[in-house]
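Inspection log for the structure reproduced underneath, given as structure tokens.
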Amino acid sequence: VSLMYTITALSSAFAGLTIPKILKKPGLLKPLIFTGIALCCGGTFLMSLASGVITLYAFSIIRGVGAGMLSFVLATSVINNWFYARNGLMVSIAMAFSGLPGVLLSSVFTNVIVNSGWRFGYRFVTIVMIIFCLPAILLPVKMTPALAGVKPYGYEDYLKYREENKEKVVFTQSNEHIDYRSFAMVGLLLFSILVCVIASVNQHFPSYAISVGMSASVGALMASMASASNILSKLLYGALTDKIGPHKSTLLCALINFAAIILLLTVHTSWAMVLGAFLFGFTFANSSTALSMLTRKSFGLSNYTRVYPLVSFIGAASNALGVTLLGLLYDMSGSYAAVFILCLLMQAIVIALVLAMMKKGKKEETV
């Protein structure tokens, strides 16, 4: 049954790759949203009718494709068009909301399943999903401000800033060739793989707590604190990146996660484990918001929809597979110490990559 998560995540990632081609025609934004909602909600409802694991897998694909159409690729593309100022904050707010269900609704869904069964649970989740999708259905969202007859938020300030810094601004679609073998691309893809694998450790917190002699309640609290940090870290990242830039914000989150791994690895008391889980959650800012902001910084706004879907796909696939791979590492070594040591090494590489990106310097942005 746990394989459903991997199937949904991979299906969503593949679907995200198709969004840039669809968005080339701005008039398809609403049809894309409607189709995504229908597939996502419909797939979830069909899961309540499943007669076996194979049908659950099939319906997971339908749900995943729908989720991919409504993914961060779509959300961040729209936000980039509408917000030149406070872009980091707006992206982080959108991504932070993805963590709210884990904090606010997980216990509600659990109680529904316990009291009414898993089939009704899927139907209940479908209803909740439809309610949350209503703003996207009812509000007159446009792909670009120009289609609504307005200018992007911060348009004049953005022009002034670029002129003061003697940076050229090109308000056209870029046909610039993207070198997929460049340091910018390879470094960004490697960054995506590493931070998304590290983020998958969160799924193992309850098991880790038990493995070091803690109670199940401590493990549950660790997972809850990581979910809370998921929201807080993204909002903090967005506020910081508008002030100090995405590289420094990413580096700060990576250093906090590095310290959290050391704490989780060396101090096995309840307070330290809970604190470590909360600090560990700062990696969620890097595995989501940072991917978007670093892509925009490295390749510009006009190339964003060409690069980010690939970066997002690699990250989603790495996260989906990371849960299983880290579990296998625990099975082979008999201890989560090996898992955290590996994460420590990966985070060290992440820090080195970000420092290298900072040294590489700024790339001219196009809009």
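By convention here, the chains of the structure tokens are called A, B, ... in the order presented, each chain's residues are numbered starting at 1, and ligands are numbered starting at 1 in the order presented.
Summary of the local environment: counting only C-alpha atoms, residues at most 12 Å from A:Lys243, other than itself and those fewer than 6 positions away along its chain, are Ala85, Arg86, Asn87, Gly88, Leu89, Leu236, Tyr237 and Ser249 of chain A.
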- Just the residues within 12 Å of stretch 106-120 of chain A, please, counting only C-alpha atoms, with nothing from its chain fewer than 5 positions along; format it as a VMD selection string. chain A and resid 44 to 51 56 99 to 101 125 to 128 220 223 to 224 227
- Test item: residues at most 9 Å from A:Ile19, only C-alpha atoms, excluding those fewer than 4 positions along its chain, as a PyMOL selection string: chain A and resi 15+23-24+32+68-69+73-74+305+309
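Our summary of the geometry notes that atom CA of A:Phe97 is positioned 21.2 Å from atom CA of A:Ala254.
The nearest approach to A:Ala316 among the residues A:Ala260, A:Cys133, A:Leu235, A:Leu291, with only C-alpha atoms taken into account, belongs to A:Leu291.
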Selection: 12 Å around A:Phe59, only C-alpha atoms, excl. self and same-chain fewer than 2 positions, as a tab-separated table (two decimals) with all heavy atoms, in the first residue's frame:
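Contents of part35.tsv, freshly written:
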chain	number	residue	atom	x	y	z
A	4	MET	N	1.80	3.20	-3.15
A	4	MET	CA	0.89	4.18	-3.76
A	4	MET	C	1.47	5.59	-3.71
A	4	MET	O	1.29	6.38	-4.63
A	4	MET	CB	-0.47	4.17	-3.05
A	4	MET	CG	-1.31	2.93	-3.30
A	4	MET	SD	-3.00	3.13	-2.68
A	4	MET	CE	-2.71	3.46	-0.94
A	5	TYR	N	2.17	5.90	-2.61
A	5	TYR	CA	2.79	7.23	-2.48
A	5	TYR	C	3.80	7.46	-3.59
A	5	TYR	O	3.83	8.51	-4.22
A	5	TYR	CB	3.46	7.36	-1.10
A	5	TYR	CG	4.34	8.58	-0.99
A	5	TYR	CD1	3.79	9.83	-0.74
A	5	TYR	CD2	5.72	8.49	-1.14
A	5	TYR	CE1	4.59	10.96	-0.65
A	5	TYR	CE2	6.53	9.61	-1.06
A	5	TYR	CZ	5.96	10.84	-0.81
A	5	TYR	OH	6.76	11.96	-0.73
A	7	ILE	N	3.98	5.89	-6.52
A	7	ILE	CA	3.30	5.93	-7.81
A	7	ILE	C	2.65	7.30	-8.03
A	7	ILE	O	2.76	7.90	-9.12
A	7	ILE	CB	2.25	4.81	-7.91
A	7	ILE	CG1	2.93	3.44	-7.93
A	7	ILE	CG2	1.38	4.99	-9.14
A	7	ILE	CD1	1.97	2.28	-7.85
A	8	THR	N	1.98	7.81	-7.01
A	8	THR	CA	1.34	9.13	-7.12
A	8	THR	C	2.37	10.22	-7.37
A	8	THR	O	2.19	11.09	-8.22
A	8	THR	CB	0.54	9.44	-5.84
A	8	THR	OG1	-0.48	8.47	-5.67
A	8	THR	CG2	-0.11	10.82	-5.92
A	11	SER	N	3.88	9.92	-10.93
A	11	SER	CA	2.88	10.32	-11.92
A	11	SER	C	2.71	11.84	-11.93
A	11	SER	O	2.60	12.47	-12.99
A	11	SER	CB	1.53	9.66	-11.62
A	11	SER	OG	1.63	8.25	-11.63
A	39	LEU	N	-9.24	15.09	-12.46
A	39	LEU	CA	-8.44	13.88	-12.35
A	39	LEU	C	-8.01	13.61	-10.91
A	39	LEU	O	-8.07	12.47	-10.43
A	39	LEU	CB	-7.20	13.98	-13.25
A	39	LEU	CG	-7.45	13.95	-14.76
A	39	LEU	CD1	-6.15	14.20	-15.51
A	39	LEU	CD2	-8.05	12.62	-15.16
A	40	CYS	N	-7.59	14.68	-10.21
A	40	CYS	CA	-7.09	14.52	-8.84
A	40	CYS	C	-8.22	14.07	-7.91
A	40	CYS	O	-8.07	13.10	-7.15
A	40	CYS	CB	-6.48	15.83	-8.36
A	40	CYS	SG	-5.49	15.67	-6.87
A	41	CYS	N	-9.34	14.78	-7.97
A	41	CYS	CA	-10.47	14.45	-7.10
A	41	CYS	C	-11.14	13.15	-7.55
A	41	CYS	O	-11.52	12.31	-6.72
A	41	CYS	CB	-11.48	15.58	-7.09
A	41	CYS	SG	-10.85	17.12	-6.36
A	42	GLY	N	-11.26	12.97	-8.87
A	42	GLY	CA	-11.87	11.75	-9.38
A	42	GLY	C	-11.05	10.52	-9.05
A	42	GLY	O	-11.60	9.47	-8.66
A	43	GLY	N	-9.73	10.63	-9.18
A	43	GLY	CA	-8.86	9.50	-8.84
A	43	GLY	C	-8.94	9.13	-7.37
A	43	GLY	O	-8.94	7.95	-7.01
A	44	THR	N	-9.04	10.16	-6.53
A	44	THR	CA	-9.15	9.91	-5.09
A	44	THR	C	-10.47	9.22	-4.76
A	44	THR	O	-10.51	8.27	-3.95
A	44	THR	CB	-9.05	11.23	-4.31
A	44	THR	OG1	-7.81	11.87	-4.63
A	44	THR	CG2	-9.09	10.98	-2.80
A	45	PHE	N	-11.56	9.67	-5.39
A	45	PHE	CA	-12.86	9.03	-5.16
A	45	PHE	C	-12.85	7.59	-5.65
A	45	PHE	O	-13.38	6.68	-4.97
A	45	PHE	CB	-13.96	9.81	-5.86
A	45	PHE	CG	-15.31	9.17	-5.74
A	45	PHE	CD1	-16.05	9.29	-4.57
A	45	PHE	CD2	-15.83	8.41	-6.78
A	45	PHE	CE1	-17.30	8.68	-4.44
A	45	PHE	CE2	-17.08	7.80	-6.66
A	45	PHE	CZ	-17.81	7.93	-5.49
A	46	LEU	N	-12.26	7.33	-6.81
A	46	LEU	CA	-12.22	5.98	-7.36
A	46	LEU	C	-11.47	5.02	-6.44
A	46	LEU	O	-11.78	3.82	-6.39
A	46	LEU	CB	-11.57	5.99	-8.74
A	46	LEU	CG	-12.41	6.58	-9.87
A	46	LEU	CD1	-11.59	6.68	-11.15
A	46	LEU	CD2	-13.67	5.75	-10.11
A	47	MET	N	-10.51	5.55	-5.69
A	47	MET	CA	-9.76	4.70	-4.76
A	47	MET	C	-10.66	4.13	-3.68
A	47	MET	O	-10.38	3.06	-3.13
A	47	MET	CB	-8.60	5.50	-4.15
A	47	MET	CG	-7.54	5.90	-5.18
A	47	MET	SD	-6.20	6.91	-4.52
A	47	MET	CE	-5.13	5.64	-3.89
A	48	SER	N	-11.75	4.82	-3.40
A	48	SER	CA	-12.69	4.29	-2.40
A	48	SER	C	-13.46	3.09	-2.92
A	48	SER	O	-14.08	2.35	-2.16
A	48	SER	CB	-13.68	5.39	-1.98
A	48	SER	OG	-14.59	5.69	-3.03
A	49	LEU	N	-13.43	2.89	-4.24
A	49	LEU	CA	-14.14	1.78	-4.87
A	49	LEU	C	-13.21	0.63	-5.24
A	49	LEU	O	-13.67	-0.38	-5.79
A	49	LEU	CB	-14.86	2.27	-6.14
A	49	LEU	CG	-15.79	3.48	-5.99
A	49	LEU	CD1	-16.33	3.88	-7.35
A	49	LEU	CD2	-16.91	3.18	-5.01
A	50	ALA	N	-11.92	0.78	-4.93
A	50	ALA	CA	-10.92	-0.20	-5.35
A	50	ALA	C	-11.21	-1.58	-4.76
A	50	ALA	O	-11.62	-1.71	-3.60
A	50	ALA	CB	-9.53	0.25	-4.95
A	51	SER	N	-11.00	-2.61	-5.59
A	51	SER	CA	-11.24	-3.99	-5.15
A	51	SER	C	-9.95	-4.73	-4.82
A	51	SER	O	-9.98	-5.86	-4.36
A	51	SER	CB	-11.99	-4.76	-6.24
A	51	SER	OG	-11.26	-4.74	-7.46
A	52	GLY	N	-8.81	-4.09	-5.07
A	52	GLY	CA	-7.52	-4.74	-4.79
A	52	GLY	C	-6.39	-3.74	-4.93
A	52	GLY	O	-6.59	-2.58	-5.31
A	53	VAL	N	-5.19	-4.21	-4.63
A	53	VAL	CA	-4.03	-3.32	-4.66
A	53	VAL	C	-3.75	-2.81	-6.07
A	53	VAL	O	-3.38	-1.64	-6.25
A	53	VAL	CB	-2.79	-4.05	-4.09
A	53	VAL	CG1	-1.55	-3.18	-4.23
A	53	VAL	CG2	-3.01	-4.41	-2.63
A	54	ILE	N	-3.92	-3.66	-7.08
A	54	ILE	CA	-3.64	-3.26	-8.46
A	54	ILE	C	-4.53	-2.09	-8.88
A	54	ILE	O	-4.07	-1.13	-9.53
A	54	ILE	CB	-3.83	-4.44	-9.44
A	54	ILE	CG1	-2.87	-5.58	-9.06
A	54	ILE	CG2	-3.58	-3.99	-10.87
A	54	ILE	CD1	-1.41	-5.18	-9.09
A	55	THR	N	-5.81	-2.14	-8.52
A	55	THR	CA	-6.70	-1.03	-8.87
A	55	THR	C	-6.33	0.23	-8.08
A	55	THR	O	-6.46	1.35	-8.59
A	55	THR	CB	-8.17	-1.40	-8.60
A	55	THR	OG1	-8.30	-1.94	-7.27
A	55	THR	CG2	-8.66	-2.41	-9.60
A	56	LEU	N	-5.85	0.07	-6.86
A	56	LEU	CA	-5.37	1.23	-6.11
A	56	LEU	C	-4.20	1.89	-6.83
A	56	LEU	O	-4.10	3.12	-6.89
A	56	LEU	CB	-4.95	0.81	-4.70
A	56	LEU	CG	-6.06	0.64	-3.65
A	56	LEU	CD1	-5.48	0.11	-2.35
A	56	LEU	CD2	-6.80	1.95	-3.41
A	57	TYR	N	-3.30	1.06	-7.36
A	57	TYR	CA	-2.16	1.60	-8.11
A	57	TYR	C	-2.63	2.36	-9.34
A	57	TYR	O	-2.13	3.44	-9.67
A	57	TYR	CB	-1.22	0.47	-8.53
A	57	TYR	CG	-0.49	-0.21	-7.39
A	57	TYR	CD1	0.10	-1.45	-7.56
A	57	TYR	CD2	-0.40	0.38	-6.13
A	57	TYR	CE1	0.77	-2.09	-6.52
A	57	TYR	CE2	0.26	-0.24	-5.09
A	57	TYR	CZ	0.84	-1.49	-5.29
A	57	TYR	OH	1.50	-2.11	-4.25
A	61	ILE	N	-2.32	6.55	-10.23
A	61	ILE	CA	-1.77	7.20	-11.42
A	61	ILE	C	-2.69	8.35	-11.85
A	61	ILE	O	-2.23	9.46	-12.15
A	61	ILE	CB	-1.59	6.19	-12.57
A	61	ILE	CG1	-0.53	5.15	-12.19
A	61	ILE	CG2	-1.21	6.91	-13.86
A	61	ILE	CD1	-0.38	4.04	-13.22
A	62	ILE	N	-4.00	8.08	-11.87
A	62	ILE	CA	-4.96	9.12	-12.25
A	62	ILE	C	-4.86	10.31	-11.29
A	62	ILE	O	-4.81	11.48	-11.71
A	62	ILE	CB	-6.40	8.55	-12.25
A	62	ILE	CG1	-6.53	7.46	-13.31
A	62	ILE	CG2	-7.42	9.67	-12.49
A	62	ILE	CD1	-7.87	6.75	-13.29
A	63	ARG	N	-4.84	10.00	-10.02
A	63	ARG	CA	-4.75	11.06	-9.01
A	63	ARG	C	-3.43	11.82	-9.15
A	63	ARG	O	-3.39	13.05	-9.04
A	63	ARG	CB	-4.87	10.47	-7.60
A	63	ARG	CG	-4.82	11.52	-6.51
A	63	ARG	CD	-5.10	10.95	-5.15
A	63	ARG	NE	-4.08	10.01	-4.71
A	63	ARG	CZ	-3.92	9.65	-3.43
A	63	ARG	NH1	-4.74	10.14	-2.51
A	63	ARG	NH2	-2.99	8.80	-3.09
A	64	GLY	N	-2.34	11.09	-9.41
A	64	GLY	CA	-1.03	11.72	-9.53
A	64	GLY	C	-0.95	12.66	-10.73
A	64	GLY	O	-0.38	13.75	-10.63
A	65	VAL	N	-1.51	12.24	-11.86
A	65	VAL	CA	-1.50	13.10	-13.05
A	65	VAL	C	-2.27	14.38	-12.78
A	65	VAL	O	-1.83	15.48	-13.14
A	65	VAL	CB	-2.10	12.34	-14.26
A	65	VAL	CG1	-2.31	13.30	-15.44
A	65	VAL	CG2	-1.20	11.19	-14.68
A	66	GLY	N	-3.42	14.26	-12.12
A	66	GLY	CA	-4.19	15.45	-11.77
A	66	GLY	C	-3.43	16.37	-10.83
A	66	GLY	O	-3.42	17.59	-11.00
A	122	TYR	N	-11.59	7.98	1.92
A	122	TYR	CA	-11.23	8.52	0.62
A	122	TYR	C	-12.31	9.45	0.09
A	122	TYR	O	-12.01	10.48	-0.53
A	122	TYR	CB	-11.00	7.38	-0.39
A	122	TYR	CG	-9.59	6.84	-0.38
A	122	TYR	CD1	-9.34	5.51	-0.06
A	122	TYR	CD2	-8.51	7.66	-0.69
A	122	TYR	CE1	-8.04	5.01	-0.05
A	122	TYR	CE2	-7.21	7.18	-0.69
A	122	TYR	CZ	-6.98	5.85	-0.38
A	122	TYR	OH	-5.70	5.37	-0.36
- Message: Quick one: residues within 6 Å of stretch 146-154 of chain A, only C-alpha atoms, excluding same-chain residues fewer than 6 positions away - as an MDAnalysis selection string?
- Response: chainID A and resid 82:85
I need the residues from that last selection saved to file as a PDB file, in the first residue's frame (with N, CA and C atoms), if you can.
ATOM      1  N   TRP A  82       2.991  37.352 -12.061  1.00  0.00           N
ATOM      2  CA  TRP A  82       2.213  38.374 -11.372  1.00  0.00           C
ATOM      3  C   TRP A  82       2.999  39.178 -10.346  1.00  0.00           C
ATOM      4  N   PHE A  83       4.087  38.619  -9.820  1.00  0.00           N
ATOM      5  CA  PHE A  83       4.823  39.287  -8.731  1.00  0.00           C
ATOM      6  C   PHE A  83       6.294  39.432  -9.091  1.00  0.00           C
ATOM      7  N   TYR A  84       6.710  40.666  -9.395  1.00  0.00           N
ATOM      8  CA  TYR A  84       8.132  40.951  -9.556  1.00  0.00           C
ATOM      9  C   TYR A  84       8.727  41.302  -8.194  1.00  0.00           C
ATOM     10  N   ALA A  85       7.970  42.058  -7.400  1.00  0.00           N
ATOM     11  CA  ALA A  85       8.372  42.349  -6.021  1.00  0.00           C
ATOM     12  C   ALA A  85       7.720  41.316  -5.101  1.00  0.00           C
TER      13      ALA A  85
END
- Query: Please, which residues of stretch 39-246 of chain A, numbered as in this document, come out alpha helix (DSSP H) from DSSP, as a PyMOL selection string?
  - Reply: chain A and resi 39-47+53-69+72-82+87-96+100-104+106-116+118-138+155-164+183-199+205-211+216-244+246
